[in-house]
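Source file: my_file.txt; contents: compact mmCIF, C-alpha atoms.
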# COMPACT_ATOMS: atom_id res chain seq x y z
CA ARG A 1 0.00 0.00 0.00
CA ARG A 2 1.47 3.33 -1.10
CA PHE A 3 0.55 7.01 -1.03
CA LEU A 4 -0.58 8.04 -4.53
CA GLU A 5 -1.87 11.50 -3.60
CA VAL A 6 -2.03 13.39 -0.30
CA SER A 7 -3.67 16.60 0.87
CA ASP A 8 -1.91 19.60 2.36
CA ARG A 9 -3.66 18.91 5.67
CA LEU A 10 -2.26 15.38 5.80
CA CYS A 11 1.24 16.72 5.13
CA GLN A 12 0.84 19.18 8.00
CA MET A 13 -0.50 16.42 10.23
CA LEU A 14 2.51 14.17 9.56
CA GLY A 15 5.17 16.88 9.23
CA TYR A 16 6.31 15.70 5.79
CA PRO A 17 6.40 17.65 2.50
CA ARG A 18 4.20 16.16 -0.25
CA GLU A 19 7.16 14.86 -2.26
CA ALA A 20 8.40 12.90 0.76
CA LEU A 21 5.11 10.96 0.89
CA ILE A 22 4.07 10.41 -2.73
CA GLY A 23 5.04 6.92 -3.83
CA GLN A 24 6.15 5.85 -0.36
CA ALA A 25 4.78 2.81 1.48
CA VAL A 26 2.03 3.66 3.96
CA ARG A 27 3.94 1.50 6.47
CA MET A 28 6.20 4.50 7.17
CA VAL A 29 3.52 6.18 9.31
CA TYR A 30 2.92 3.16 11.55
CA ALA A 31 4.93 2.45 14.69
CA SER A 32 4.96 -1.32 14.15
CA ASP A 33 4.30 -4.04 11.59
CA GLU A 34 1.54 -5.37 13.84
CA ALA A 35 -0.38 -2.07 13.73
CA TYR A 36 0.09 -1.78 9.95
CA GLU A 37 -1.12 -5.32 9.29
CA TYR A 38 -4.05 -5.00 11.69
CA VAL A 39 -5.35 -1.87 9.95
CA GLY A 40 -4.99 -3.54 6.54
CA ARG A 41 -6.99 -6.58 7.63
CA GLU A 42 -9.71 -4.53 9.27
CA LEU A 43 -10.17 -1.88 6.59
CA TYR A 44 -10.05 -4.14 3.55
CA GLY A 45 -12.18 -6.75 5.28
CA GLN A 46 -14.83 -4.12 6.03
CA MET A 47 -14.68 -2.74 2.51
CA ARG A 48 -15.24 -6.18 0.99
CA THR A 49 -18.21 -6.74 3.30
CA ASN A 50 -19.76 -3.29 3.64
CA GLY A 51 -18.27 -1.25 0.82
CA VAL A 52 -16.55 1.10 3.30
CA GLY A 53 -14.22 0.66 6.23
CA MET A 54 -13.36 2.50 9.44
CA VAL A 55 -10.77 1.81 12.11
CA GLU A 56 -8.95 3.72 14.85
CA THR A 57 -5.19 3.38 15.15
CA ARG A 58 -2.03 5.38 15.85
CA TRP A 59 0.24 7.04 13.31
CA ARG A 60 3.76 8.36 13.68
CA ARG A 61 4.88 11.81 12.59
CA LYS A 62 8.21 12.67 10.99
CA ASP A 63 9.56 13.78 14.38
CA GLY A 64 8.76 10.34 15.82
CA SER A 65 5.80 11.41 17.94
CA GLU A 66 2.67 9.28 17.75
CA PHE A 67 -0.95 10.41 17.67
CA PRO A 68 -4.35 8.67 17.42
CA VAL A 69 -6.21 8.77 14.11
CA LEU A 70 -9.54 7.56 12.79
CA LEU A 71 -9.20 6.12 9.29
CA SER A 72 -12.17 5.92 6.91
CA ALA A 73 -11.73 4.14 3.58
CA SER A 74 -13.79 3.58 0.46
CA PRO A 75 -12.59 1.72 -2.68
CA LEU A 76 -12.43 3.38 -6.09
CA ASN A 77 -13.33 -0.01 -7.53
CA PRO A 78 -15.81 -1.74 -5.16
CA THR A 79 -15.21 -5.07 -6.90
CA HIS A 80 -11.48 -4.93 -6.14
CA PRO A 81 -10.98 -2.71 -3.08
CA GLU A 82 -7.34 -3.74 -2.78
CA GLU A 83 -6.44 -1.96 -6.04
CA GLU A 84 -6.98 1.70 -5.09
CA SER A 85 -8.87 3.33 -2.23
CA THR A 86 -9.55 6.78 -0.90
CA PHE A 87 -8.68 7.30 2.76
CA THR A 88 -9.86 10.04 5.09
CA VAL A 89 -7.69 10.65 8.15
CA LEU A 90 -9.04 12.36 11.26
CA ASP A 91 -6.67 13.38 14.05
CA VAL A 92 -8.53 12.44 17.25
CA SER A 93 -5.86 13.67 19.67
CA SER A 94 -8.23 16.21 21.21
CA ARG A 95 -10.81 13.49 21.80
CA ALA A 96 -8.17 11.30 23.42
CA ARG A 97 -7.06 14.20 25.63
CA MET A 98 -10.66 14.84 26.62
CA ALA A 99 -11.09 11.15 27.47
CA GLU A 100 -7.90 11.21 29.56
CA ALA A 101 -9.05 14.38 31.32
CA ALA A 102 -12.45 12.83 31.99
CA GLN A 103 -10.79 9.71 33.37
CA ALA A 104 -8.53 11.80 35.62
CA SER A 105 -11.53 13.80 36.80
CA GLU A 106 -13.43 10.59 37.52
CA GLN A 107 -10.50 9.26 39.54
CA ARG A 108 -10.33 12.49 41.58
CA TYR A 109 -14.07 12.38 42.16
CA ARG A 110 -13.91 8.72 43.21
CA GLN A 111 -11.08 9.46 45.65
CA LEU A 112 -13.06 12.34 47.16
CA PHE A 113 -16.23 10.22 47.27
CA ASP A 114 -14.46 7.36 49.02
CA THR A 115 -12.59 9.48 51.58
CA MET A 116 -15.24 12.04 52.57
CA VAL A 117 -16.11 12.14 56.26
CA GLU A 118 -19.73 12.87 55.39
CA GLY A 119 -21.99 10.11 54.15
CA VAL A 120 -22.94 10.48 50.48
CA ILE A 121 -25.74 8.64 48.68
CA TYR A 122 -27.03 8.91 45.11
CA GLN A 123 -30.57 7.76 44.37
CA ASP A 124 -32.44 7.48 41.08
CA ASP A 125 -35.84 9.04 40.37
CA ALA A 126 -37.59 6.12 42.10
CA GLY A 127 -35.56 6.64 45.28
CA VAL A 128 -33.42 3.55 44.68
CA ILE A 129 -29.87 3.93 46.01
CA ILE A 130 -27.42 3.64 43.11
CA SER A 131 -24.21 4.44 45.01
CA ALA A 132 -23.07 5.06 48.56
CA ASN A 133 -19.66 5.94 49.92
CA PRO A 134 -17.88 4.15 52.82
CA ALA A 135 -18.80 6.95 55.27
CA ALA A 136 -22.49 6.43 54.47
CA ALA A 137 -22.18 2.69 55.08
CA HIS A 138 -20.42 3.30 58.40
CA THR A 139 -22.92 5.90 59.61
CA LEU A 140 -25.93 3.79 58.63
CA GLY A 141 -24.45 0.55 59.95
CA ARG A 142 -24.83 -1.43 56.73
CA PRO A 143 -22.30 -2.45 54.05
CA VAL A 144 -22.54 -0.67 50.72
CA GLU A 145 -23.86 -3.79 48.96
CA GLN A 146 -26.84 -3.88 51.36
CA LEU A 147 -27.67 -0.26 50.53
CA THR A 148 -27.35 -0.15 46.75
CA GLY A 149 -30.27 -1.38 44.69
CA ARG A 150 -32.75 -0.59 47.48
CA THR A 151 -34.83 2.36 48.57
CA TRP A 152 -34.34 3.79 52.06
CA ALA A 153 -37.37 1.86 53.32
CA ALA A 154 -36.46 -1.37 51.48
CA ALA A 155 -33.05 -1.25 53.13
CA GLY A 156 -34.89 -1.62 56.45
CA PHE A 157 -34.71 1.93 57.79
CA VAL A 158 -37.59 3.54 59.68
CA SER A 159 -37.11 7.30 59.77
CA LEU A 160 -38.01 9.44 62.78
CA ARG A 161 -38.79 13.11 63.22
CA GLU A 162 -36.93 15.03 65.91
CA ASP A 163 -39.83 14.44 68.32
CA GLY A 164 -39.44 10.67 67.84
CA VAL A 165 -42.59 10.25 65.72
CA GLU A 166 -42.17 8.08 62.60
CA LEU A 167 -41.46 10.10 59.47
CA PRO A 168 -43.54 9.03 56.42
CA ASP A 169 -41.46 8.00 53.41
CA SER A 170 -43.00 10.82 51.34
CA GLU A 171 -41.62 13.37 53.83
CA HIS A 172 -38.09 12.01 53.83
CA PRO A 173 -35.69 14.74 52.58
CA THR A 174 -34.50 12.66 49.61
CA LEU A 175 -38.00 12.02 48.26
CA ARG A 176 -39.07 15.59 48.94
CA ALA A 177 -36.13 16.83 46.87
CA LEU A 178 -36.99 14.40 44.07
CA HIS A 179 -40.69 15.28 43.99
CA THR A 180 -40.38 19.05 44.39
CA GLY A 181 -37.18 19.56 42.43
CA GLU A 182 -35.97 21.84 45.23
CA PRO A 183 -33.04 21.31 47.64
CA VAL A 184 -34.03 20.15 51.13
CA THR A 185 -31.38 21.11 53.66
CA ASP A 186 -30.54 20.92 57.34
CA VAL A 187 -33.17 18.31 58.25
CA VAL A 188 -32.59 16.11 61.31
CA VAL A 189 -33.67 12.49 60.84
CA GLY A 190 -33.48 9.62 63.29
CA PHE A 191 -33.16 5.89 62.56
CA LEU A 192 -32.43 2.67 64.43
CA HIS A 193 -28.78 1.70 63.93
CA PRO A 194 -28.80 -2.05 63.18
CA GLN A 195 -25.42 -2.75 64.78
CA LEU A 196 -25.60 -0.47 67.82
CA GLY A 197 -29.27 -1.18 68.53
CA GLN A 198 -29.93 2.47 69.35
CA THR A 199 -31.48 5.47 67.67
CA ARG A 200 -28.94 7.60 65.84
CA TRP A 201 -29.54 11.09 64.47
CA ILE A 202 -28.23 12.51 61.21
CA ARG A 203 -28.40 15.96 59.64
CA VAL A 204 -29.46 15.55 56.02
CA ASN A 205 -29.04 17.71 52.90
CA ALA A 206 -30.69 16.47 49.69
CA ILE A 207 -30.00 18.10 46.31
CA PRO A 208 -31.99 17.13 43.18
CA LEU A 209 -30.06 16.53 39.95
CA PHE A 210 -31.46 17.15 36.46
CA GLU A 211 -30.74 15.93 32.96
CA PRO A 212 -30.08 18.68 30.38
CA ASP A 213 -33.28 20.38 29.16
CA SER A 214 -35.41 18.64 31.79
CA ASN A 215 -37.27 20.19 34.70
CA ARG A 216 -37.86 16.83 36.39
CA ALA A 217 -35.22 15.52 38.81
CA SER A 218 -33.59 12.33 37.56
CA GLN A 219 -31.45 11.71 40.66
CA VAL A 220 -30.93 13.08 44.13
CA TYR A 221 -27.58 13.64 45.81
CA THR A 222 -27.72 13.36 49.59
CA THR A 223 -25.08 14.15 52.20
CA PHE A 224 -25.43 13.52 55.92
CA SER A 225 -23.44 13.45 59.13
CA ASP A 226 -24.05 11.79 62.49
CA ILE A 227 -25.00 14.41 65.10
CA THR A 228 -26.11 12.01 67.84
CA GLU A 229 -23.41 12.94 70.35
CA SER A 230 -23.71 16.69 69.82
CA ARG A 231 -27.51 16.43 69.96
CA ASP A 232 -27.32 14.49 73.24
CA SER A 233 -24.89 17.07 74.66
CA VAL A 234 -27.30 19.90 73.83
CA ARG A 235 -30.16 17.98 75.44
CA LYS A 236 -28.11 17.39 78.60
CA LEU A 237 -27.09 21.04 78.73
CA GLU A 238 -30.71 22.12 78.40
CA GLN A 239 -31.66 19.68 81.16
CA MET A 240 -28.94 21.05 83.47
CA GLN A 241 -30.02 24.62 82.78
CA GLY A 242 -33.60 23.68 83.60
CA GLU A 243 -32.53 22.03 86.87
CA LEU A 244 -30.45 25.09 87.80
CA GLN A 245 -33.35 27.44 87.13
CA TYR A 246 -35.62 25.24 89.24
CA ALA A 247 -33.07 25.26 92.10
CA GLU A 248 -32.89 29.05 91.92
CA ARG A 249 -36.67 29.33 92.13
CA VAL A 250 -36.73 27.01 95.13
CA ALA A 251 -33.98 29.04 96.86
CA HIS A 252 -35.83 32.33 96.23
CA ALA A 253 -39.04 30.86 97.59
CA ALA A 254 -37.25 29.59 100.73
CA LEU A 255 -35.62 32.95 101.39
CA ASP A 256 -38.88 34.84 100.84
CA SER A 257 -40.66 32.59 103.32
CA LEU A 258 -38.05 33.36 105.98
CA GLY A 259 -38.29 37.10 105.48
CA VAL A 260 -34.51 37.31 105.40
CA GLN A 261 -32.62 39.88 103.39
CA ALA A 262 -30.20 37.86 101.22
CA ALA A 263 -28.52 37.97 97.87
CA ILE A 264 -26.93 35.45 95.52
CA LEU A 265 -23.43 36.46 94.47
CA ASP A 266 -21.08 35.15 91.78
CA GLU A 267 -17.34 34.39 92.33
CA GLN A 268 -16.46 38.10 91.95
CA GLY A 269 -19.10 39.19 94.47
CA VAL A 270 -21.48 40.56 91.84
CA ILE A 271 -25.14 40.28 92.90
CA LEU A 272 -27.01 37.84 90.68
CA ALA A 273 -30.35 37.86 92.47

Here is the file; what I need is its structure written in the form of structure tokens.
Amino acid sequence: RRFLEVSDRLCQMLGYPREALIGQAVRMVYASDEAYEYVGRELYGQMRTNGVGMVETRWRRKDGSEFPVLLSASPLNPTHPEEESTFTVLDVSSRARMAEAAQASEQRYRQLFDTMVEGVIYQDDAGVIISANPAAAHTLGRPVEQLTGRTWAAAGFVSLREDGVELPDSEHPTLRALHTGEPVTDVVVGFLHPQLGQTRWIRVNAIPLFEPDSNRASQVYTTFSDITESRDSVRKLEQMQGELQYAERVAHAALDSLGVQAAILDEQGVILA
């Protein structure tokens, strides 16, 4: 196979002047015999069967650098495609770079997803969990494989409002975000932890995701963190404050009943009451 005619664009692509290509074997632009033979088998086989052929391979420039190309071929004589054919060459380097960039971005996203402290869950438009990160599995007390492919309810979770009353599935932040198409943030939800056997509390943020040119949510992205300990601490603090206020009222009542002039002072001697 030899170059019989070449375009200016192909010369620029390869870095050769036209006279350096005309009459030369096409093998010169391939990095190996294997690649050259593979393309010949594929293209001519397709042309015999379909009348045209297309294959992706790598070519080598004059300076020795390689780049990916998409070759399209059609025979001048369909009965004998091996005699002469017209080839179109498309440099797909930009597509390859975009694919590499997308792969690198996916790897960075996966690393972030897997190492986040917050639990992260993706659900489809039916509320079925399609992915969950390790933090979500740890917080919820179930391995990832027992979460994916199930809805929140089908995974065995009963949600609770802050007052301890059961939260209907339709009011769960994830389904609210799906059905309304609006973010639902800063909602406290309780559930029974299957391993600890106790109610745990999480703060949930659910963000609907949309396909291009669609106003209906196709997925929901949910993040959450366990706030059980901090919630319990606040409750205990409120209880202590209530007990202190009660003790102060009792002390005032006792002093009033005695008719004694008295005052309550702080450590610096400032009168509190």

- request: Just give me the gap between atom CA of A:Met98 and atom CA of A:Gln12 in Å, one decimal is fine.
  value: 22.3 Å

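In this model, the gap between atom CA of A:Asn133 and atom CA of A:Asp169 comes to 22.2 Å.
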
- line: One residue among A:Leu192, A:Cys11, A:Ile121, A:Ala31 is nearest to A:Leu147 when using only C-alpha atoms, and that residue is A:Ile121

- prompt: Within 8 Å of (-30.4, 9.5, 43.3), in the coordinates the file gives, what residues turn up when you count all atoms listed in the file, written out as a VMD selection string?
  reply: chain A and resid 121 to 125 127 to 130 208 to 209 218 to 222

field: Nearest to A:Thr115 by atom-to-atom distance, counting only C-alpha atoms, from A:Leu43, A:Ala132, A:Ala155, A:Val52
entry: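 Closest to A:Thr115 of all the choices is A:Ala132.
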
Residue contacts of A:Gly164 (12 Å, only C-alpha atoms) excluding same-chain residues fewer than 4 positions away, as a VMD selection string: chain A and resid 158 to 160 188 to 192 199 to 201

task: Give the answer as one residue: which of A:Gln146, A:Ser7, A:Gln245, A:Asn205 has the shortest atom-to-atom distance to A:Leu175, using all atoms listed in the file?
output: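 Going through A:Gln146, A:Ser7, A:Gln245, A:Asn205 one by one, the smallest distance to A:Leu175 is for A:Asn205.
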
- request: Give the answer as one residue: which of A:Phe113, A:Phe67, A:Tyr16, A:Phe157 has the shortest atom-to-atom distance to A:Val92, using all atoms listed in the file?
  value: A:Phe67

message: For a quick check of your reading of the model, name the residues lying within 10 Å of the coordinate (-27.4, 20.8, 61.1), counting only C-alpha atoms, and write them as number ranges by chain.
response: A: 185-188, 202-205, 224-227, 231

- prompt: Hey, can you check how far atom CA of A:Glu42 sits from atom CA of A:Val55?
  reply: 7.0 Å

Take every atom of stretch 112-118 of chain A listed in the file, fit an axis-aligned box around them, add 3 Å per side, and give the centre and edge lengths in Å to one decimal as JSON.
{"center_x": -16.2, "center_y": 10.1, "center_z": 51.7, "size_x": 13.1, "size_y": 11.5, "size_z": 15.1}

- request: Measuring atom to atom with all atoms listed in the file, identify which of A:Ala206, A:Val165, A:Leu90, A:Ala154 is nearest to A:Gly119.
  value: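 So, comparing all the options, the nearest one is A:Ala206.
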
message: I'd like the contact shell of A:Leu21 - 10 Å cut-off, only C-alpha atoms, skipping same-chain residues fewer than 5 positions apart - returned as a ChimeraX atom specification.
response: /A:2-6,10-11,14,16,26,28-29

- prompt: Smallest atom-to-atom distance to A:Gln24: which of A:Gly141, A:Pro134, A:Arg1, A:Tyr36, using all atoms listed in the file?
  reply: A:Arg1
